[in-house]
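Visitor: I'm passing along protein35.tsv; it holds TSV, C-alpha atoms.
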chain	number	residue	atom	x	y	z
A	138	MET	CA	18.10	43.92	26.14
A	139	LYS	CA	18.35	44.46	22.41
A	140	ALA	CA	16.88	47.43	20.61
A	141	ILE	CA	13.61	47.14	18.76
A	142	ARG	CA	14.01	45.71	15.28
A	143	ALA	CA	10.88	45.60	13.16
A	144	ASN	CA	10.30	43.30	10.17
A	145	ALA	CA	13.24	41.11	11.08
A	146	ASN	CA	13.99	38.12	8.88
A	147	PRO	CA	17.07	36.48	10.38
A	148	VAL	CA	18.95	33.64	8.75
A	149	LEU	CA	18.47	30.35	10.52
A	150	GLY	CA	21.48	28.38	11.60
A	151	ILE	CA	20.77	25.29	13.69
A	152	ARG	CA	23.24	22.67	14.78
A	153	GLY	CA	22.59	19.43	16.62
A	154	LYS	CA	23.00	15.64	16.31
A	155	GLY	CA	25.16	16.04	13.26
A	156	VAL	CA	22.73	18.23	11.39
A	157	ARG	CA	23.09	21.75	10.07
A	158	ILE	CA	20.22	23.54	8.42
A	159	THR	CA	20.38	27.03	6.99
A	160	SER	CA	17.77	29.07	5.21
A	161	ARG	CA	17.97	32.27	3.16
A	162	MET	CA	15.52	33.47	0.53
A	163	GLY	CA	13.89	30.04	0.24
A	164	LYS	CA	17.12	28.05	-0.31
A	165	VAL	CA	17.97	25.42	2.30
A	166	THR	CA	20.69	22.89	3.02
A	167	TYR	CA	20.50	19.80	5.17
A	168	THR	CA	23.14	17.33	6.36
A	169	TRP	CA	22.88	14.04	8.23
A	170	ALA	CA	25.20	11.11	8.98
A	171	LEU	CA	24.28	7.85	7.22
A	172	SER	CA	25.11	4.19	7.71
A	173	ASN	CA	26.52	2.20	4.77
A	174	GLU	CA	23.14	0.52	4.38
A	175	GLN	CA	21.38	3.91	4.23
A	176	VAL	CA	23.87	5.09	1.60
A	177	ALA	CA	22.74	2.21	-0.64
A	178	ILE	CA	19.04	2.78	0.08
A	179	LEU	CA	19.35	6.46	-0.74
A	180	LYS	CA	21.11	5.73	-4.04
A	181	ASP	CA	18.26	3.45	-5.05
A	182	CYS	CA	15.71	6.16	-4.14
A	183	LEU	CA	17.58	8.69	-6.26
A	184	SER	CA	17.77	6.32	-9.21
A	185	ARG	CA	14.03	5.67	-9.05
A	186	GLY	CA	13.38	9.40	-8.61
A	187	GLY	CA	14.99	10.39	-11.91
A	188	PHE	CA	18.16	11.98	-10.52
A	189	ASP	CA	21.23	12.33	-12.74
A	190	PHE	CA	24.43	11.07	-11.10
A	191	GLN	CA	27.74	12.92	-11.31
A	192	GLU	CA	31.24	12.16	-10.16
A	193	LYS	CA	32.68	14.53	-7.54
A	194	GLU	CA	35.84	14.45	-5.48
A	195	HIS	CA	35.55	13.03	-1.95
A	196	THR	CA	32.06	11.67	-2.59
A	197	ILE	CA	30.51	8.24	-2.84
A	198	TYR	CA	28.03	9.71	-5.29
A	199	SER	CA	26.34	12.97	-6.17
A	200	ALA	CA	22.97	13.37	-7.90
A	201	LYS	CA	20.94	16.24	-9.27
A	202	ARG	CA	17.34	16.76	-10.35
A	203	GLY	CA	16.32	20.24	-11.37
A	204	LYS	CA	17.53	22.62	-8.65
A	205	LEU	CA	17.87	19.90	-6.02
A	206	ASN	CA	21.31	18.42	-5.29
A	207	VAL	CA	21.99	15.37	-3.12
A	208	THR	CA	25.60	14.50	-2.32
A	209	VAL	CA	26.91	11.66	-0.15
A	210	TYR	CA	30.44	12.25	1.15
A	211	ARG	CA	32.90	9.45	1.98
A	212	LYS	CA	33.79	11.02	5.30
A	213	GLY	CA	31.10	9.97	7.72
A	214	PRO	CA	29.51	8.97	5.42
A	215	LYS	CA	27.04	11.84	5.41
A	216	VAL	CA	24.48	13.26	3.03
A	217	LEU	CA	24.18	16.91	1.99
A	218	VAL	CA	20.90	18.06	0.45
A	219	GLN	CA	20.74	21.49	-1.20
A	220	GLY	CA	18.18	23.44	-3.20
A	221	LYS	CA	14.66	24.83	-3.12
A	222	GLU	CA	13.07	21.36	-2.90
A	223	THR	CA	15.13	20.31	0.11
A	224	GLU	CA	12.21	20.50	2.53
A	225	GLU	CA	9.99	18.21	0.45
A	226	PHE	CA	12.83	15.77	-0.24
A	227	VAL	CA	13.73	15.40	3.42
A	228	LYS	CA	10.12	15.11	4.56
A	229	PHE	CA	8.85	12.68	1.91
A	230	ILE	CA	11.94	10.74	0.78
A	231	LEU	CA	14.95	10.90	3.09
A	232	GLU	CA	13.20	10.59	6.45
A	233	PRO	CA	10.54	7.97	5.65
A	234	GLU	CA	12.43	5.87	3.07
A	235	VAL	CA	16.07	6.17	4.17
A	236	LEU	CA	16.22	7.17	7.81
A	237	GLY	CA	13.08	5.21	8.58
A	238	GLU	CA	11.46	7.90	10.74
A	239	ALA	CA	11.21	11.64	11.22
A	240	ARG	CA	14.16	11.52	13.59
A	241	LEU	CA	14.80	15.25	13.65
A	242	GLY	CA	11.33	16.46	14.58
A	243	TYR	CA	10.20	18.10	11.34
A	244	GLU	CA	8.92	21.41	12.73
A	245	GLU	CA	11.89	21.96	15.05
A	246	HIS	CA	14.24	22.17	12.09
A	247	TRP	CA	12.22	23.74	9.32
A	248	GLN	CA	10.56	26.21	11.68
A	249	ALA	CA	13.34	26.47	14.26
A	250	GLU	CA	12.49	30.01	15.35
A	251	MET	CA	9.05	28.82	16.38
A	252	PHE	CA	10.65	26.70	19.11
A	253	GLU	CA	12.77	29.52	20.49
A	254	PRO	CA	11.40	31.61	23.40
A	255	HIS	CA	9.17	34.42	22.12
A	256	PHE	CA	5.82	36.15	22.46
A	257	GLY	CA	3.14	35.64	19.81
A	258	ILE	CA	0.51	38.37	19.39
A	259	ASP	CA	-2.77	38.33	17.47
A	260	GLU	CA	-6.21	39.97	17.50
A	261	SER	CA	-9.86	39.09	16.93
A	262	GLY	CA	-12.94	41.10	16.05
A	263	LYS	CA	-11.32	43.67	13.79
A	264	GLY	CA	-13.65	42.93	10.88
A	265	ASP	CA	-16.81	42.28	12.92
A	266	TYR	CA	-19.44	45.02	13.17
A	267	PHE	CA	-20.81	43.66	16.42
A	268	GLY	CA	-18.51	42.95	19.31
A	269	PRO	CA	-15.22	44.01	20.84
A	270	LEU	CA	-11.68	44.21	19.55
A	271	VAL	CA	-9.51	41.70	21.39
A	272	VAL	CA	-5.71	41.46	21.41
A	273	ALA	CA	-3.97	38.49	23.01
A	274	GLY	CA	-0.39	37.40	23.53
A	275	VAL	CA	1.21	34.09	24.52
A	276	TYR	CA	4.73	33.18	25.59
A	277	THR	CA	6.18	29.95	24.22
A	278	ASN	CA	9.48	28.11	24.35
A	279	CYS	CA	10.55	24.76	22.92
A	280	ALA	CA	8.69	22.62	25.46
A	281	ILE	CA	5.50	24.69	25.31
A	282	THR	CA	5.52	24.78	21.52
A	283	ARG	CA	5.86	21.02	21.28
A	284	ALA	CA	3.02	20.56	23.79
A	285	LEU	CA	0.76	22.97	21.91
A	286	LEU	CA	1.49	21.26	18.61
A	287	ASN	CA	0.57	17.92	20.14
A	288	ALA	CA	-2.63	19.49	21.48
A	289	GLY	CA	-3.68	20.49	17.96
A	290	ILE	CA	-3.23	24.24	18.27
A	291	MET	CA	-3.70	26.08	14.98
A	292	ASP	CA	-4.78	29.48	13.69
A	293	SER	CA	-8.24	30.28	15.03
A	294	LYS	CA	-9.48	31.20	11.52
A	295	ARG	CA	-9.16	27.52	10.62
A	296	ILE	CA	-11.46	26.51	13.49
A	297	GLY	CA	-15.14	26.86	12.74
A	298	SER	CA	-16.51	25.66	16.07
A	299	GLY	CA	-16.79	27.91	19.11
A	300	LYS	CA	-16.75	24.80	21.27
A	301	ARG	CA	-13.43	23.74	19.78
A	302	ILE	CA	-12.00	27.24	20.29
A	303	ARG	CA	-12.83	27.00	23.99
A	304	GLU	CA	-11.39	23.50	24.30
A	305	LEU	CA	-8.10	24.59	22.77
A	306	ALA	CA	-8.03	27.80	24.84
A	307	THR	CA	-8.28	25.68	27.98
A	308	LYS	CA	-5.35	23.56	26.83
A	309	ILE	CA	-3.29	26.67	26.06
A	310	ARG	CA	-3.80	28.12	29.53
A	311	ALA	CA	-2.92	24.78	31.08
A	312	GLU	CA	0.43	24.79	29.25
A	313	VAL	CA	1.48	28.43	29.54
A	314	GLY	CA	0.18	29.15	33.05
A	315	SER	CA	0.19	32.89	33.71
A	316	ARG	CA	2.37	33.65	30.69
A	317	TYR	CA	-0.40	35.03	28.52
A	318	LYS	CA	-2.34	38.28	28.31
A	319	VAL	CA	-5.73	39.18	26.81
A	320	ILE	CA	-7.14	42.69	26.54
A	321	ARG	CA	-10.66	43.31	25.29
A	322	TRP	CA	-12.00	46.68	24.21
A	323	THR	CA	-15.77	46.57	24.36
A	324	PRO	CA	-17.55	48.43	21.56
A	325	ALA	CA	-18.17	51.40	23.88
A	326	ARG	CA	-14.45	51.62	24.67
A	327	TYR	CA	-13.51	50.90	21.04
A	328	ASN	CA	-15.68	53.77	19.79
A	329	LEU	CA	-14.08	56.20	22.23
A	330	LEU	CA	-10.60	55.12	21.13
A	331	TYR	CA	-11.56	55.46	17.48
A	332	LYS	CA	-12.60	59.06	18.11
A	333	GLU	CA	-9.14	59.63	19.57
A	334	TYR	CA	-7.10	57.85	16.88
A	335	ASN	CA	-9.39	57.80	13.84
A	336	ASN	CA	-7.23	54.90	12.65
A	337	VAL	CA	-7.74	51.19	13.41
A	338	ASN	CA	-4.08	50.29	12.75
A	339	GLN	CA	-2.89	52.77	15.36
A	340	MET	CA	-5.39	51.29	17.79
A	341	LEU	CA	-4.11	47.80	17.02
A	342	ALA	CA	-0.54	48.96	17.58
A	343	ARG	CA	-1.56	50.31	20.97
A	344	GLY	CA	-3.21	47.00	21.84
A	345	HIS	CA	-0.26	44.93	20.67
A	346	ALA	CA	2.22	47.08	22.57
A	347	THR	CA	0.11	46.89	25.73
A	348	VAL	CA	0.07	43.10	25.55
A	349	ILE	CA	3.79	42.84	24.79
A	350	LYS	CA	4.67	45.11	27.71
A	351	ASP	CA	2.59	43.00	30.08
A	352	LEU	CA	4.22	39.80	28.83
A	353	SER	CA	7.67	41.37	29.16
A	354	VAL	CA	6.97	41.90	32.84
A	355	ARG	CA	5.72	38.33	33.25
A	356	VAL	CA	8.68	36.83	31.33
A	357	PRO	CA	11.51	39.41	31.50
A	358	SER	CA	14.03	36.95	30.03
A	359	CYS	CA	12.18	36.81	26.70
A	360	GLY	CA	13.65	39.18	24.13
A	361	ARG	CA	11.55	38.56	21.01
A	362	ALA	CA	7.95	39.15	19.93
A	363	LEU	CA	6.18	38.10	16.73
A	364	SER	CA	3.04	39.70	15.31
A	365	ASP	CA	1.06	39.42	12.13
A	366	GLN	CA	1.91	42.37	9.89
A	367	PHE	CA	-1.18	44.58	9.57
A	368	THR	CA	0.72	47.66	8.34
A	369	LYS	CA	4.14	48.47	6.90
A	370	ALA	CA	4.50	51.47	9.18
A	371	PRO	CA	6.47	50.76	12.40
A	372	LEU	CA	3.47	51.55	14.60
A	373	ILE	CA	4.00	48.80	17.20
A	374	ALA	CA	7.69	49.65	17.47
A	375	ARG	CA	6.84	53.28	18.20
A	376	GLU	CA	4.32	52.28	20.83
A	377	LEU	CA	6.83	49.95	22.49
A	378	LYS	CA	9.48	52.65	22.51
A	379	SER	CA	7.09	55.09	24.17
A	380	ARG	CA	6.49	52.47	26.86
A	381	GLY	CA	10.19	51.81	27.39
A	382	VAL	CA	9.99	48.23	26.10
A	383	ARG	CA	13.12	47.03	24.31
A	384	LEU	CA	13.11	43.72	22.46
A	385	ASN	CA	13.33	42.25	18.98
A	386	LEU	CA	10.01	42.80	17.25
A	387	GLU	CA	9.17	40.86	14.10
A	388	GLU	CA	6.09	41.57	12.02
A	389	ARG	CA	5.32	39.31	9.07
A	390	THR	CA	2.39	38.14	6.99
A	391	LYS	CA	0.91	34.75	7.90
A	392	ALA	CA	2.52	34.92	11.32
A	393	GLU	CA	-0.35	32.71	12.50
A	394	ASN	CA	1.66	29.75	11.17
A	395	ASP	CA	3.74	30.25	14.30
A	396	ILE	CA	2.30	28.33	17.26
A	397	ALA	CA	2.64	31.25	19.70
A	398	VAL	CA	0.68	33.52	17.35
A	399	ALA	CA	-1.86	30.75	16.66
A	400	ALA	CA	-2.34	30.26	20.40
A	401	ALA	CA	-2.82	34.00	20.85
A	402	SER	CA	-5.41	34.00	18.06
A	403	ILE	CA	-7.37	31.28	19.87
A	404	LEU	CA	-7.36	33.11	23.20
A	405	ALA	CA	-8.42	36.32	21.46
A	406	ARG	CA	-11.22	34.54	19.60
A	407	GLU	CA	-12.44	32.87	22.78
A	408	SER	CA	-12.74	36.25	24.50
A	409	PHE	CA	-14.55	37.70	21.48
A	410	LEU	CA	-17.02	34.80	21.32
A	411	ASP	CA	-17.66	34.99	25.05
A	412	TRP	CA	-18.75	38.61	24.62
A	413	ILE	CA	-20.95	37.76	21.62
A	414	ASP	CA	-22.66	34.91	23.49
A	415	ARG	CA	-23.27	36.96	26.60
A	416	VAL	CA	-24.72	39.94	24.72
A	417	SER	CA	-26.83	37.66	22.51
A	418	GLU	CA	-28.41	36.13	25.60
A	419	LYS	CA	-28.91	39.49	27.29
A	420	ALA	CA	-30.42	41.12	24.20
A	421	GLY	CA	-32.53	38.13	23.22
A	422	LEU	CA	-31.00	38.27	19.72
A	423	GLU	CA	-28.54	35.97	18.01
A	424	ILE	CA	-25.68	38.37	17.31
A	425	PRO	CA	-24.05	37.41	13.98
A	426	LEU	CA	-20.37	37.64	13.09
A	427	GLY	CA	-18.84	39.66	10.28
A	428	ALA	CA	-20.39	42.67	8.57
A	429	GLY	CA	-22.75	41.22	5.97
A	430	PHE	CA	-26.49	41.33	5.28
A	431	SER	CA	-27.52	39.32	8.35
A	432	VAL	CA	-25.58	41.78	10.52
A	433	LYS	CA	-27.67	44.68	9.21
A	434	GLU	CA	-30.89	42.79	9.84
A	435	VAL	CA	-29.99	42.06	13.46
A	436	ALA	CA	-28.77	45.63	13.95
A	437	ARG	CA	-32.19	46.91	12.80
A	438	LYS	CA	-33.91	44.57	15.25
A	439	PHE	CA	-31.59	45.79	17.99
A	440	ILE	CA	-32.46	49.43	17.23
A	441	ASP	CA	-36.18	48.64	17.23
A	442	LYS	CA	-35.82	46.91	20.57
A	443	PHE	CA	-33.38	49.16	22.44
A	444	GLY	CA	-33.00	52.40	20.46
A	445	LYS	CA	-30.19	53.95	18.40
A	446	GLU	CA	-28.26	55.18	21.43
A	447	LYS	CA	-27.75	51.65	22.74
A	448	LEU	CA	-26.32	50.55	19.39
A	449	MET	CA	-23.09	52.39	20.24
A	450	GLU	CA	-22.57	49.92	23.08
A	451	VAL	CA	-22.57	46.83	20.89
A	452	VAL	CA	-21.11	47.80	17.48
A	453	LYS	CA	-18.06	49.47	15.98
A	454	PHE	CA	-19.80	52.67	15.03
A	455	HIS	CA	-17.40	53.87	12.31
A	456	PHE	CA	-18.18	50.90	10.04
A	457	ARG	CA	-20.03	51.75	6.86
A	458	THR	CA	-22.77	49.45	8.09
A	459	THR	CA	-23.88	52.25	10.41
A	460	GLU	CA	-24.43	54.59	7.43
A	461	ASP	CA	-26.35	51.87	5.62
A	462	LEU	CA	-28.64	51.49	8.61
Show me, as structure tokens, the structure contained in the file I just sent.
Guide:
Amino acid sequence: MKAIRANANPVLGIRGKGVRITSRMGKVTYTWALSNEQVAILKDCLSRGGFDFQEKEHTIYSAKRGKLNVTVYRKGPKVLVQGKETEEFVKFILEPEVLGEARLGYEEHWQAEMFEPHFGIDESGKGDYFGPLVVAGVYTNCAITRALLNAGIMDSKRIGSGKRIRELATKIRAEVGSRYKVIRWTPARYNLLYKEYNNVNQMLARGHATVIKDLSVRVPSCGRALSDQFTKAPLIARELKSRGVRLNLEERTKAENDIAVAAASILARESFLDWIDRVSEKAGLEIPLGAGFSVKEVARKFIDKFGKEKLMEVVKFHFRTTEDL
């Protein structure tokens, strides 16, 4: 296994069906073989799109608009697209108007790493006064990722309905089988851990590492994990090292755009909502989400009904909301 490598940002290099796509610092290149008819169609698209044509050796034509270059070589013939606007050009011009369809599978080429085997990790409940902290992880590969995309999996924060969260969570489990892990720290457990760590990020790192270790046992062949970056300090890497887990760890902002991380966010949110619903029914109060005004009002009602001591069992006690109460 490879050593832990945090904050990785590898260069993509994908080959297949005559295509090569690379990406570094936002610049991309794309190549694809064309028929003679497609060469003519593409030239017409470029003319209508305001491209300036230039003569180059070994080419049928070459055109430029801003920082985007499109060159059609005689050998093949094949097209080479280069520049920061490559993604938009391929998606909205080349594929629909010239190739006639999205023949490459858009996501598999522009987000190639998402289709490679890896674990996605995310959490839920961190910013909620009431309720647990939940960390979940999901294993995906190319086939699972495609299936989850087709099922409509997306970041849980974009899903406003608890019913929809549960529907998608059911689909995720059906696709991944046993290759997922969810841990839930109830408020009572959370408050004890906070006394020990006095730092939520260190607690999150512990949760993430626990999930990754479990997944590594379930899928020992997987050597990469992706998590949303909640701190610049290598906290997860340290936790993994202490547990003897060796793999490539990547932490980045907006990791939820990755389907594995999005799936993990849904499973984590489902577990969080299940706890909220169960406690709401048991307490006879509608437990609100977040940490706003309505949360304080319900917390006061909870104290009136059950006493201050019981509050420790349903809230994250270190929140400022507790002082306000």
Visitor: Write out as a PyMOL selection string which residues come within 8 Å of region 177-179 of chain A when counting all atoms listed in the file, dropping same-chain ones fewer than 5 positions away.
Guide: chain A and resi 231+234-235
Visitor: What is the distance, in Å and to one decimal place, between CA of Ile302 (chain A) and CA of Phe439 (chain A)?
Guide: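 Computing the Euclidean distance for CA of Ile302 (chain A) and CA of Phe439 (chain A) yields 27.1 Å.
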Visitor: Just give me the gap between CA of Lys300 (chain A) and CA of Leu285 (chain A) in Å, one decimal is fine.
Guide: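 Between these atoms lies a distance of 17.6 Å.
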Visitor: Quick one: of A:Val354, A:Ile320, A:Ile396, A:Leu330, who's nearest to Phe409 (chain A), counting all atoms listed in the file?
Guide: A:Ile320
Visitor: Select, from A:Ser358, A:Asn206, A:Ser402, A:Thr323, the residue with the minimum atom-to-atom distance to Met291 (chain A), counting all atoms listed in the file.
Guide: A:Ser402
Visitor: Calculate how many Å separate CA of Leu270 (chain A) from CA of Glu407 (chain A), rounding to one decimal.
Guide: 11.8 Å
Visitor: At a cut-off of 7 Å around the point (28.5, 10.0, 2.8) (file coordinates), what residues fall inside when counting all atoms listed in the file? I'd like the answer as a PyMOL selection string.
Guide: chain A and resi 171+176+196-197+209-216
Visitor: Counting only C-alpha atoms, figure out which residue out of A:Glu423, A:Glu446, A:Glu434, A:Glu250 gets nearest to Thr458 (chain A).
Guide: A:Glu434
Visitor: For Tyr198 (chain A), which of A:Lys180, A:Arg437, A:Arg185, A:Arg389 is the closest residue, counting only C-alpha atoms?
Guide: A:Lys180
Visitor: Between A:Cys182, A:Ile258, A:Val272, A:Val451, which has the minimum distance to Gln366 (chain A) (counting all atoms listed in the file)?
Guide: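 The closest residue to Gln366 (chain A) is A:Ile258.
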Visitor: Mind checking which residues fall within 9 Å of Lys350 (chain A), counting only C-alpha atoms, ignoring those fewer than 4 positions away in the same chain, and posting them as a compact mmCIF listing (two decimals) with C-alpha atoms, in the frame of the given file?
Guide:
# COMPACT_ATOMS: atom_id res chain seq x y z
CA HIS A 345 -0.26 44.93 20.67
CA ALA A 346 2.22 47.08 22.57
CA VAL A 354 6.97 41.90 32.84
CA ARG A 355 5.72 38.33 33.25
CA LEU A 377 6.83 49.95 22.49
CA ARG A 380 6.49 52.47 26.86
CA GLY A 381 10.19 51.81 27.39
CA VAL A 382 9.99 48.23 26.10
Visitor: Mind checking which residues fall within 10 Å of Val337 (chain A), counting all atoms listed in the file, ignoring those fewer than 6 positions away in the same chain, and posting them as a list in words?
Guide: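 The residues that qualify are Lys263, Tyr327, Leu330, Tyr331 and Arg343 of chain A.
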Visitor: Rank A:Val227, A:Ala400, A:Ala428, A:Cys359 by their smallest atom-to-atom distance to Glu312 (chain A), using only C-alpha atoms, and report the top residue only.
Guide: A:Ala400
